[in-house]
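Peer 1: Input file: structure35.pdb. Contents: PDB, C-alpha atoms.
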ATOM      1  CA  MET A  13     -14.773  19.734 -18.788
ATOM      2  CA  GLU A  14     -12.447  16.871 -18.014
ATOM      3  CA  ARG A  15     -11.368  15.752 -14.550
ATOM      4  CA  VAL A  16      -7.748  14.568 -14.487
ATOM      5  CA  PRO A  17      -6.866  12.435 -11.448
ATOM      6  CA  LEU A  18      -3.613  13.506  -9.756
ATOM      7  CA  GLU A  19      -3.500  11.198  -6.724
ATOM      8  CA  ARG A  20      -0.231  12.280  -5.210
ATOM      9  CA  LYS A  21       0.834  14.052  -2.097
ATOM     10  CA  VAL A  22       0.785  17.844  -2.105
ATOM     11  CA  LEU A  23       4.282  17.828  -0.631
ATOM     12  CA  SER A  24       5.539  15.056  -2.919
ATOM     13  CA  GLU A  25       8.608  17.118  -3.892
ATOM     14  CA  ASN A  26       9.489  17.666  -0.220
ATOM     15  CA  ASP A  27       8.859  13.979   0.486
ATOM     16  CA  ARG A  28      11.097  12.967  -2.438
ATOM     17  CA  ILE A  29      14.005  15.031  -1.098
ATOM     18  CA  ALA A  30      13.335  13.790   2.454
ATOM     19  CA  ALA A  31      13.446  10.184   1.225
ATOM     20  CA  GLU A  32      16.821  10.867  -0.434
ATOM     21  CA  LEU A  33      18.123  12.433   2.783
ATOM     22  CA  ARG A  34      16.856   9.486   4.825
ATOM     23  CA  ALA A  35      18.635   7.049   2.497
ATOM     24  CA  ARG A  36      21.870   9.081   2.768
ATOM     25  CA  PHE A  37      21.618   9.195   6.581
ATOM     26  CA  GLN A  38      21.032   5.449   6.728
ATOM     27  CA  GLY A  39      23.866   4.823   4.272
ATOM     28  CA  HIS A  40      26.265   6.742   6.500
ATOM     29  CA  GLY A  41      24.878   5.286   9.738
ATOM     30  CA  ILE A  42      23.675   8.701  10.931
ATOM     31  CA  LEU A  43      20.856   9.038  13.451
ATOM     32  CA  CYS A  44      18.869  12.155  12.527
ATOM     33  CA  LEU A  45      16.381  13.631  15.014
ATOM     34  CA  ASN A  46      13.945  16.497  14.402
ATOM     35  CA  LEU A  47      13.158  18.570  17.519
ATOM     36  CA  ILE A  48       9.850  20.442  17.454
ATOM     37  CA  SER A  49       8.105  22.646  20.031
ATOM     38  CA  SER A  50       6.453  26.011  20.630
ATOM     39  CA  PRO A  51       8.855  28.968  20.645
ATOM     40  CA  GLY A  52      10.582  29.174  24.012
ATOM     41  CA  SER A  53       9.861  25.631  25.198
ATOM     42  CA  GLY A  54      13.528  24.813  25.599
ATOM     43  CA  LYS A  55      14.730  23.103  22.404
ATOM     44  CA  THR A  56      17.987  25.034  22.358
ATOM     45  CA  SER A  57      18.529  24.503  26.103
ATOM     46  CA  LEU A  58      17.918  20.784  25.650
ATOM     47  CA  LEU A  59      20.492  20.768  22.837
ATOM     48  CA  GLU A  60      22.966  22.688  25.021
ATOM     49  CA  ARG A  61      22.645  20.111  27.799
ATOM     50  CA  THR A  62      22.850  17.282  25.244
ATOM     51  CA  LEU A  63      26.002  18.605  23.534
ATOM     52  CA  GLU A  64      27.562  19.396  26.901
ATOM     53  CA  SER A  65      27.191  15.780  27.992
ATOM     54  CA  LEU A  66      28.324  14.186  24.720
ATOM     55  CA  PRO A  67      31.913  12.938  24.497
ATOM     56  CA  ARG A  68      33.803  14.704  21.715
ATOM     57  CA  GLU A  69      34.340  11.400  19.929
ATOM     58  CA  ASP A  70      30.573  11.225  19.447
ATOM     59  CA  ARG A  71      30.471  12.819  16.056
ATOM     60  CA  ALA A  72      27.403  15.039  16.403
ATOM     61  CA  ALA A  73      26.257  18.083  14.441
ATOM     62  CA  VAL A  74      23.336  20.497  14.707
ATOM     63  CA  LEU A  75      21.199  22.365  12.199
ATOM     64  CA  THR A  76      19.108  24.947  13.980
ATOM     65  CA  GLY A  77      16.218  26.820  12.375
ATOM     66  CA  ASP A  78      14.785  30.247  13.100
ATOM     67  CA  ILE A  79      13.110  32.966  11.094
ATOM     68  CA  GLN A  80      16.066  35.251  11.702
ATOM     69  CA  THR A  81      19.245  35.728  13.832
ATOM     70  CA  GLU A  82      22.250  33.458  14.367
ATOM     71  CA  ASN A  83      21.630  33.475  18.127
ATOM     72  CA  ASP A  84      20.945  29.769  18.551
ATOM     73  CA  ALA A  85      23.922  28.686  16.446
ATOM     74  CA  ASN A  86      26.149  30.978  18.518
ATOM     75  CA  ARG A  87      24.810  29.418  21.721
ATOM     76  CA  LEU A  88      25.452  25.900  20.459
ATOM     77  CA  LYS A  89      28.839  26.401  18.770
ATOM     78  CA  ARG A  90      30.692  26.743  22.070
ATOM     79  CA  PHE A  91      30.520  22.978  22.635
ATOM     80  CA  GLY A  92      32.871  22.340  19.732
ATOM     81  CA  PHE A  93      30.522  20.384  17.467
ATOM     82  CA  PRO A  94      29.672  21.591  13.948
ATOM     83  CA  VAL A  95      26.608  23.841  14.087
ATOM     84  CA  LYS A  96      24.869  25.666  11.282
ATOM     85  CA  GLN A  97      22.022  28.172  11.510
ATOM     86  CA  ILE A  98      19.180  27.951   9.001
ATOM     87  CA  THR A  99      17.412  31.308   8.788
ATOM     88  CA  THR A 100      14.159  30.851   6.927
ATOM     89  CA  GLY A 101      13.440  34.561   6.408
ATOM     90  CA  GLY A 102       9.791  34.222   7.394
ATOM     91  CA  THR A 103       8.899  30.588   6.742
ATOM     92  CA  CYS A 104       7.473  29.026   9.908
ATOM     93  CA  HIS A 105       9.013  25.554   9.449
ATOM     94  CA  LEU A 106      12.041  23.799   7.974
ATOM     95  CA  ASP A 107      11.631  21.781   4.796
ATOM     96  CA  ALA A 108      13.736  19.012   3.291
ATOM     97  CA  ARG A 109      15.325  21.267   0.680
ATOM     98  CA  MET A 110      16.685  23.578   3.399
ATOM     99  CA  ILE A 111      18.263  20.579   5.132
ATOM    100  CA  GLU A 112      19.755  19.307   1.870
ATOM    101  CA  ARG A 113      21.207  22.746   1.068
ATOM    102  CA  HIS A 114      22.747  23.257   4.504
ATOM    103  CA  LEU A 115      24.298  19.791   4.537
ATOM    104  CA  ALA A 116      25.997  20.353   1.180
ATOM    105  CA  ASP A 117      29.419  21.273   2.545
ATOM    106  CA  TRP A 118      29.456  18.793   5.424
ATOM    107  CA  ASN A 119      31.029  15.395   4.923
ATOM    108  CA  LEU A 120      28.409  12.947   6.161
ATOM    109  CA  GLU A 121      31.162  10.351   6.638
ATOM    110  CA  ASP A 122      32.253  12.422   9.646
ATOM    111  CA  LEU A 123      28.881  12.267  11.436
ATOM    112  CA  ASP A 124      27.003   9.782  13.608
ATOM    113  CA  LEU A 125      24.297  12.056  14.999
ATOM    114  CA  LEU A 126      22.482  14.948  13.317
ATOM    115  CA  LEU A 127      20.193  17.019  15.530
ATOM    116  CA  ILE A 128      17.768  19.348  13.759
ATOM    117  CA  GLU A 129      16.107  22.096  15.782
ATOM    118  CA  ASN A 130      12.994  23.127  13.899
ATOM    119  CA  VAL A 131      11.480  26.629  13.921
ATOM    120  CA  GLY A 132       9.424  27.124  17.101
ATOM    121  CA  ASN A 133       5.929  26.156  15.959
ATOM    122  CA  LEU A 134       3.641  23.237  16.812
ATOM    123  CA  VAL A 135       1.676  23.326  13.561
ATOM    124  CA  CYS A 136       3.501  23.458  10.204
ATOM    125  CA  PRO A 137       6.645  21.452  11.120
ATOM    126  CA  ALA A 138       4.332  18.456  11.533
ATOM    127  CA  SER A 139       3.672  18.433   7.777
ATOM    128  CA  TYR A 140       7.281  18.503   6.550
ATOM    129  CA  ASP A 141       9.361  15.323   6.549
ATOM    130  CA  LEU A 142      13.059  16.195   6.876
ATOM    131  CA  GLY A 143      14.367  12.658   6.444
ATOM    132  CA  GLU A 144      14.668  12.217  10.211
ATOM    133  CA  ALA A 145      14.563   8.863  12.003
ATOM    134  CA  ALA A 146      12.188  10.358  14.580
ATOM    135  CA  LYS A 147      10.438  13.548  15.554
ATOM    136  CA  ILE A 148      10.785  14.634  19.180
ATOM    137  CA  VAL A 149       8.270  17.083  20.626
ATOM    138  CA  VAL A 150       9.303  19.246  23.583
ATOM    139  CA  LEU A 151       6.526  20.454  25.898
ATOM    140  CA  SER A 152       7.322  22.843  28.763
ATOM    141  CA  VAL A 153       5.213  22.690  31.883
ATOM    142  CA  THR A 154       4.338  26.400  31.610
ATOM    143  CA  GLU A 155       2.383  25.654  28.413
ATOM    144  CA  GLY A 156      -0.326  23.587  30.091
ATOM    145  CA  GLU A 157      -1.162  19.893  29.976
ATOM    146  CA  ASP A 158      -3.767  20.339  27.241
ATOM    147  CA  LYS A 159      -1.207  21.164  24.495
ATOM    148  CA  PRO A 160      -1.474  17.646  22.992
ATOM    149  CA  LEU A 161      -5.216  18.163  22.588
ATOM    150  CA  LYS A 162      -4.842  21.643  21.110
ATOM    151  CA  TYR A 163      -2.107  20.653  18.623
ATOM    152  CA  PRO A 164      -2.844  16.977  17.994
ATOM    153  CA  SER A 165      -0.920  16.498  14.766
ATOM    154  CA  ILE A 166       2.582  17.029  16.095
ATOM    155  CA  PHE A 167       1.959  14.851  19.149
ATOM    156  CA  PHE A 168       0.499  12.211  16.851
ATOM    157  CA  LYS A 169       3.591  12.242  14.634
ATOM    158  CA  SER A 170       6.279  12.418  17.330
ATOM    159  CA  ASP A 171       7.918   9.300  18.751
ATOM    160  CA  LEU A 172       9.137  10.977  21.911
ATOM    161  CA  LEU A 173       7.698  13.655  24.189
ATOM    162  CA  VAL A 174      10.217  15.528  26.347
ATOM    163  CA  LEU A 175       8.725  17.479  29.245
ATOM    164  CA  SER A 176      10.867  20.541  29.984
ATOM    165  CA  LYS A 177      11.127  23.182  32.726
ATOM    166  CA  ILE A 178      10.045  20.610  35.316
ATOM    167  CA  ASP A 179      11.895  22.604  37.987
ATOM    168  CA  LEU A 180       8.912  24.995  37.742
ATOM    169  CA  LEU A 181       6.397  22.283  38.648
ATOM    170  CA  PRO A 182       6.015  23.510  42.259
ATOM    171  CA  TYR A 183       5.024  26.951  40.941
ATOM    172  CA  VAL A 184       2.723  26.241  37.992
ATOM    173  CA  PRO A 185      -0.535  24.306  37.781
ATOM    174  CA  PHE A 186       0.535  21.420  35.544
ATOM    175  CA  ASP A 187      -0.748  17.887  35.927
ATOM    176  CA  ILE A 188       1.876  15.486  34.557
ATOM    177  CA  ASP A 189      -0.500  12.519  34.554
ATOM    178  CA  ALA A 190      -3.123  14.499  32.626
ATOM    179  CA  ALA A 191      -0.461  15.612  30.109
ATOM    180  CA  ALA A 192       0.655  11.997  29.626
ATOM    181  CA  GLU A 193      -2.950  10.870  29.249
ATOM    182  CA  ASN A 194      -3.604  13.618  26.667
ATOM    183  CA  ALA A 195      -0.462  12.673  24.720
ATOM    184  CA  ARG A 196      -1.459   9.012  24.760
ATOM    185  CA  LYS A 197      -4.893   9.891  23.416
ATOM    186  CA  GLU A 198      -3.134  11.311  20.363
ATOM    187  CA  HIS A 199      -0.420   8.722  20.103
ATOM    188  CA  GLY A 200      -0.756   5.502  22.078
ATOM    189  CA  ASP A 201       2.912   4.506  21.537
ATOM    190  CA  CYS A 202       4.445   7.915  22.291
ATOM    191  CA  GLU A 203       7.229   7.653  24.883
ATOM    192  CA  GLY A 204       7.615  10.418  27.431
ATOM    193  CA  VAL A 205      10.770  11.508  29.280
ATOM    194  CA  LEU A 206      11.639  14.088  31.903
ATOM    195  CA  PRO A 207      15.127  15.499  31.332
TER     196      PRO A 207
ATOM    197  CA  MET B  18       1.536  29.448   2.163
ATOM    198  CA  GLY B  19       4.058  26.712   1.323
ATOM    199  CA  ILE B  20       1.228  24.227   0.897
ATOM    200  CA  ALA B  21      -0.722  26.621  -1.350
ATOM    201  CA  ASN B  22       2.401  27.142  -3.460
ATOM    202  CA  SER B  23       2.940  23.392  -3.772
ATOM    203  CA  VAL B  24      -0.654  22.927  -4.956
ATOM    204  CA  LEU B  25      -0.238  25.652  -7.555
ATOM    205  CA  GLU B  26       3.116  24.271  -8.746
ATOM    206  CA  ALA B  27       1.522  20.832  -9.143
ATOM    207  CA  VAL B  28      -1.277  22.346 -11.253
ATOM    208  CA  ARG B  29       1.252  24.141 -13.478
ATOM    209  CA  THR B  30       3.281  20.957 -13.892
ATOM    210  CA  GLU B  31       0.160  18.967 -14.758
ATOM    211  CA  MET B  32      -1.027  21.583 -17.258
ATOM    212  CA  GLY B  33       2.212  21.083 -19.180
ATOM    213  CA  LEU B  34       0.843  17.630 -20.033
ATOM    214  CA  HIS B  35      -2.467  18.975 -21.341
ATOM    215  CA  PRO B  36      -1.743  21.498 -24.073
ATOM    216  CA  GLY B  37      -4.710  23.505 -25.325
ATOM    217  CA  THR B  38      -6.523  23.388 -22.017
ATOM    218  CA  TYR B  39      -6.681  25.523 -18.907
ATOM    219  CA  PRO B  40      -7.407  24.430 -15.310
ATOM    220  CA  CYS B  41     -10.768  25.390 -13.730
ATOM    221  CA  LYS B  42     -10.536  23.628 -10.400
ATOM    222  CA  VAL B  43      -7.996  21.712  -8.348
ATOM    223  CA  GLY B  44      -9.129  19.257  -5.690
ATOM    224  CA  VAL B  45      -7.157  18.430  -2.551
ATOM    225  CA  ARG B  46      -7.796  15.952   0.252
ATOM    226  CA  ILE B  47      -6.890  17.062   3.751
ATOM    227  CA  GLY B  48      -6.997  14.800   6.769
ATOM    228  CA  GLU B  49      -8.142  16.070  10.145
ATOM    229  CA  MET B  50      -4.658  15.322  11.488
ATOM    230  CA  ALA B  51      -2.743  17.028   8.688
ATOM    231  CA  ALA B  52      -2.439  20.269  10.688
ATOM    232  CA  ILE B  53      -3.849  22.277   7.784
ATOM    233  CA  ASP B  54      -6.481  24.893   8.403
ATOM    234  CA  GLN B  55      -8.900  24.950   5.464
ATOM    235  CA  GLU B  56      -9.636  28.640   5.651
ATOM    236  CA  ALA B  57      -5.954  29.567   5.940
ATOM    237  CA  LEU B  58      -5.142  27.394   2.916
ATOM    238  CA  ARG B  59      -7.978  28.945   0.937
ATOM    239  CA  PHE B  60      -6.836  32.442   1.905
ATOM    240  CA  CYS B  61      -3.210  31.748   0.876
ATOM    241  CA  PHE B  62      -4.307  30.060  -2.348
ATOM    242  CA  GLU B  63      -6.484  33.001  -3.358
ATOM    243  CA  ALA B  64      -3.658  35.403  -2.503
ATOM    244  CA  ILE B  65      -1.094  33.680  -4.736
ATOM    245  CA  ILE B  66      -3.351  33.253  -7.773
ATOM    246  CA  LEU B  67      -4.531  36.872  -7.647
ATOM    247  CA  GLU B  68      -3.687  38.755 -10.847
ATOM    248  CA  THR B  69      -2.020  35.718 -12.411
ATOM    249  CA  ASP B  70      -3.160  33.682 -15.425
ATOM    250  CA  LEU B  71      -4.741  31.242 -12.937
ATOM    251  CA  ALA B  72      -6.807  33.875 -11.090
ATOM    252  CA  SER B  73     -10.078  32.007 -11.782
ATOM    253  CA  LEU B  74      -8.767  28.644 -10.518
ATOM    254  CA  GLU B  75     -11.099  27.163  -7.918
ATOM    255  CA  LEU B  76      -9.847  25.192  -4.927
ATOM    256  CA  GLY B  77     -11.905  22.173  -3.833
ATOM    257  CA  ILE B  78     -11.154  20.804  -0.356
ATOM    258  CA  GLU B  79     -12.317  17.416   0.859
ATOM    259  CA  VAL B  80     -11.755  16.796   4.570
ATOM    260  CA  CYS B  81     -10.977  13.199   5.572
ATOM    261  CA  PRO B  82     -11.883  12.028   9.075
ATOM    262  CA  ARG B  83      -9.261  10.512  11.328
ATOM    263  CA  ARG B  84      -9.854   6.751  11.426
ATOM    264  CA  HIS B  85      -8.093   4.246  13.654
ATOM    265  CA  ARG B  86      -8.026   0.454  13.792
ATOM    266  CA  CYS B  87      -7.791  -1.319  17.139
ATOM    267  CA  GLN B  88      -4.835  -3.706  17.317
ATOM    268  CA  ILE B  89      -6.644  -5.837  19.911
ATOM    269  CA  CYS B  90     -10.180  -6.307  18.571
ATOM    270  CA  GLY B  91      -9.775  -5.035  14.995
ATOM    271  CA  HIS B  92     -12.568  -2.474  15.345
ATOM    272  CA  GLU B  93     -12.290   0.491  12.957
ATOM    273  CA  PHE B  94     -13.662   3.821  14.149
ATOM    274  CA  ASN B  95     -13.683   7.575  13.561
ATOM    275  CA  VAL B  96     -11.685   9.360  16.253
ATOM    276  CA  ARG B  97     -13.806  11.916  18.097
ATOM    277  CA  ASP B  98     -12.621  14.587  20.504
ATOM    278  CA  TYR B  99      -8.998  13.629  19.786
ATOM    279  CA  ASP B 100      -9.371  10.438  21.792
ATOM    280  CA  SER B 101      -7.759   7.530  19.929
ATOM    281  CA  ARG B 102      -8.866   4.870  22.423
ATOM    282  CA  CYS B 103     -10.883   2.004  20.975
ATOM    283  CA  PRO B 104     -14.553   2.682  21.812
ATOM    284  CA  ARG B 105     -15.180  -1.083  21.956
ATOM    285  CA  CYS B 106     -12.360  -2.312  24.233
ATOM    286  CA  ALA B 107     -10.895   0.991  25.567
ATOM    287  CA  THR B 108      -7.280   0.135  24.670
ATOM    288  CA  PHE B 109      -4.830   2.800  23.513
ATOM    289  CA  GLU B 110      -3.296   0.261  21.137
ATOM    290  CA  THR B 111      -4.855   1.582  17.978
ATOM    291  CA  THR B 112      -3.201   2.626  14.734
ATOM    292  CA  CYS B 113      -4.145   5.416  12.419
ATOM    293  CA  ILE B 114      -5.435   4.185   9.051
ATOM    294  CA  SER B 115      -6.461   7.550   7.629
ATOM    295  CA  GLY B 116      -6.727  11.192   8.575
ATOM    296  CA  ASP B 117      -3.271  12.621   7.887
ATOM    297  CA  GLU B 118      -3.814  13.021   4.134
ATOM    298  CA  LEU B 119      -2.433  16.045   2.330
ATOM    299  CA  GLU B 120      -3.046  14.955  -1.227
ATOM    300  CA  LEU B 121      -3.781  16.332  -4.665
ATOM    301  CA  ALA B 122      -6.901  14.540  -5.834
ATOM    302  CA  TYR B 123      -7.673  15.971  -9.287
ATOM    303  CA  VAL B 124      -7.545  18.944 -11.591
ATOM    304  CA  GLU B 125     -10.487  19.847 -13.823
ATOM    305  CA  VAL B 126      -9.408  21.144 -17.206
ATOM    306  CA  GLU B 127     -11.332  22.821 -19.999
ATOM    307  CA  GLU B 128     -10.341  23.268 -23.610
ATOM    308  CA  TYR B 129      -9.703  26.844 -24.664
ATOM    309  CA  GLY B 130     -12.785  28.216 -26.398
ATOM    310  CA  ALA B 131     -15.106  25.576 -24.918
ATOM    311  CA  SER B 132     -16.577  28.099 -22.505
ATOM    312  CA  ALA B 133     -16.538  31.747 -23.445
ATOM    313  CA  ALA B 134     -16.767  32.871 -19.825
ATOM    314  CA  GLY B 135     -13.873  30.785 -18.614
ATOM    315  CA  ALA B 136     -11.507  30.930 -21.590
ATOM    316  CA  LYS B 137      -8.376  32.953 -20.976
ATOM    317  CA  SER B 138      -5.597  34.140 -23.159
ATOM    318  CA  THR B 139      -2.218  32.510 -22.654
ATOM    319  CA  GLN B 140      -0.380  35.534 -24.040
TER     320      GLN B 140
END
Spell out the structure here as structure tokens.
Peer 2:
Amino acid sequence: MERVPLERKVLSENDRIAAELRARFQGHGILCLNLISSPGSGKTSLLERTLESLPREDRAAVLTGDIQTENDANRLKRFGFPVKQITTGGTCHLDARMIERHLADWNLEDLDLLLIENVGNLVCPASYDLGEAAKIVVLSVTEGEDKPLKYPSIFFKSDLLVLSKIDLLPYVPFDIDAAAENARKEHGDCEGVLP
Amino acid sequence: MGIANSVLEAVRTEMGLHPGTYPCKVGVRIGEMAAIDQEALRFCFEAIILETDLASLELGIEVCPRRHRCQICGHEFNVRDYDSRCPRCATFETTCISGDELELAYVEVEEYGASAAGAKSTQ
């Protein structure tokens, strides 16, 4: 019996492609953001409001991931920016190869901002680097302020926490200060915003 | 399932470098913060090797604790109860130094014929 040391990351192939994507984004001056949340937290709504408020000369594009349907792409296309749906066919996260494949017929010279909407899931997307400049986690107030404690990894790896559905605050028991405290326990530098 | 597949692909790639041997065990290191459930990984791994030439491949999992270093006092500590505050000076200004590993550590290989019970035909 011989033990052969491997000493490399399990997802080294994904990380290699993600590093190539990151270099391409930087080379073209593109800011790439990876939006992650539970299903139904409001990622697509946040993108709708974002695209609605962007001037057309801001050269933005969206890749949106789901297990099936083109629904999100159809919702987002009406703002006039390039949008492409990634249907994973069962996979619960996006990986770097999917991003690479769906960017193939876009000219990166034409883009300044690439928004990636991950598959709704707080677990697996945390493990897959997509070449983004930052991960943004969306937490809706109906989910409870203990989400950062229940799903620590994604809150640990995200640079920004967006609290959504805050218009429901008068009707649901959600303690914003406790949520912020829980997020900071996971990630001391994590910034929080209310849209 | 994607992780289990990546582990198996890595083993197959590595075995290409060791002709005349077969893999008995692959070892992975998983950090507490890697968002990987051990049992789920084991279940997926066993499902994908079933009825393949690697059906007897064993999966070894080493769990790595989440460790942080305080940027103020330099104290290094294991994070407990998901609270990354420094236990010495209570600041949140701590950085993670380990605990998000998702790494292939080793593969144990055996020469064909070395162990009658484990030897398999390559067909």
Peer 1: So that all listed atoms of range 25-30 of chain A fit with 5 Å spare on each side, what axis-aligned box centre and edge lengths in Å, to one decimal, would you give as JSON?
Peer 2:
{"center_x": 11.3, "center_y": 15.3, "center_z": -0.7, "size_x": 15.4, "size_y": 14.7, "size_z": 16.3}
Peer 1: Show me, as a ChimeraX atom specification, the residues that have an atom within 9 Å of Ile79 in chain A when counting all atoms listed in the file, minus same-chain residues fewer than 6 positions from it.
Peer 2: /A:98-105,131
Peer 1: List the spatial neighbours of Val24 in chain B as a ChimeraX atom specification - criterion: any atom at most 12 Å away, only C-alpha atoms, same-chain residues fewer than 6 positions off excluded.
Peer 2: /A:18,20-25 /B:18,30-31,42-46,58-59,61-63,65-66,74-78,119-124
Peer 1: Looking at B:Ala131, B:Gln88, B:Val96, B:Asn22, which one is nearest to Thr112 in chain B, with distances taken over all atoms listed in the file?
Peer 2: B:Gln88
Peer 1: Under the rule that only C-alpha atoms are counted, which of B:Asp100, B:Glu26, B:Asp117, B:Glu56 is the nearest residue to chain A?
Peer 2: B:Asp100
Peer 1: Around (-9.7, -0.2, 14.0), as given in the file, which residues come within 12 Å? Count only C-alpha atoms and list them as an MDAnalysis selection string.
Peer 2: chainID B and resid 83:96 101:115
Peer 1: How close does each residue of chain A get to chain B, giving the shortest atom pair and distance in Å to one decimal for every residue with an atom at most 7 Å away, counting only C-alpha atoms, sorted by chain and residue number, as CSV?
Peer 2:
residue,atom,partner,partner_atom,distance
A:Met13,CA,B:Glu127,CA,4.8
A:Glu14,CA,B:Val126,CA,5.3
A:Arg15,CA,B:Glu125,CA,4.3
A:Val16,CA,B:Val124,CA,5.3
A:Pro17,CA,B:Tyr123,CA,4.2
A:Leu18,CA,B:Tyr123,CA,4.8
A:Glu19,CA,B:Ala122,CA,4.9
A:Arg20,CA,B:Leu121,CA,5.4
A:Lys21,CA,B:Glu120,CA,4.1
A:Val22,CA,B:Glu120,CA,4.9
A:Leu23,CA,B:Ser23,CA,6.5
A:Val135,CA,B:Ala52,CA,5.9
A:Cys136,CA,B:Ala52,CA,6.8
A:Ser139,CA,B:Ala51,CA,6.6
A:Leu161,CA,B:Tyr99,CA,6.5
A:Pro164,CA,B:Met50,CA,7.0
A:Ser165,CA,B:Met50,CA,5.1
A:Lys197,CA,B:Asp100,CA,4.8
A:Glu198,CA,B:Ser101,CA,6.0
A:Gly200,CA,B:Phe109,CA,5.1
Peer 1: Taking the file as shown, find all residues satisfying the PyMOL selection byres ((chain A and resi 82) around 9) and write them as a PDB file with C-alpha atoms, in the coordinates of the input.
Peer 2:
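And here is the file that came out, expr-v9.pdb:
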ATOM      1  CA  ASP A  78      14.785  30.247  13.100  1.00  0.00           C
ATOM      2  CA  GLN A  80      16.066  35.251  11.702  1.00  0.00           C
ATOM      3  CA  THR A  81      19.245  35.728  13.832  1.00  0.00           C
ATOM      4  CA  ASN A  83      21.630  33.475  18.127  1.00  0.00           C
ATOM      5  CA  ASP A  84      20.945  29.769  18.551  1.00  0.00           C
ATOM      6  CA  ALA A  85      23.922  28.686  16.446  1.00  0.00           C
ATOM      7  CA  ASN A  86      26.149  30.978  18.518  1.00  0.00           C
ATOM      8  CA  ARG A  87      24.810  29.418  21.721  1.00  0.00           C
ATOM      9  CA  LYS A  96      24.869  25.666  11.282  1.00  0.00           C
ATOM     10  CA  GLN A  97      22.022  28.172  11.510  1.00  0.00           C
ATOM     11  CA  ILE A  98      19.180  27.951   9.001  1.00  0.00           C
ATOM     12  CA  THR A  99      17.412  31.308   8.788  1.00  0.00           C
TER      13      THR A  99
END
Peer 1: Once the PyMOL selection byres ((chain A and resi 159) around 12) is applied to the coordinates I shared, what remains selected? I want it as a ChimeraX atom specification.
Peer 2: /A:49-50,53,134-135,149-158,160-168,173,175,186-188,190-195,197-198 /B:99
Peer 1: Restricting the calculation to all atoms listed in the file, which member of A:Val74, A:Leu180, A:Leu142, A:Cys44 is positioned closest to Arg109 in chain A?
Peer 2: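 Closest residue, counting all atoms listed in the file: A:Leu142.
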Peer 1: Enter the distance from CA of His114 in chain A to CA of Pro94 in chain A, in Å, rounded to one decimal.
Peer 2: 11.8 Å
Peer 1: What gap, in Å, lies between CA of Asp107 in chain A and CA of Ile48 in chain A?
Peer 2: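 Spanning CA of Asp107 in chain A to CA of Ile48 in chain A is a straight-line distance of 12.9 Å.
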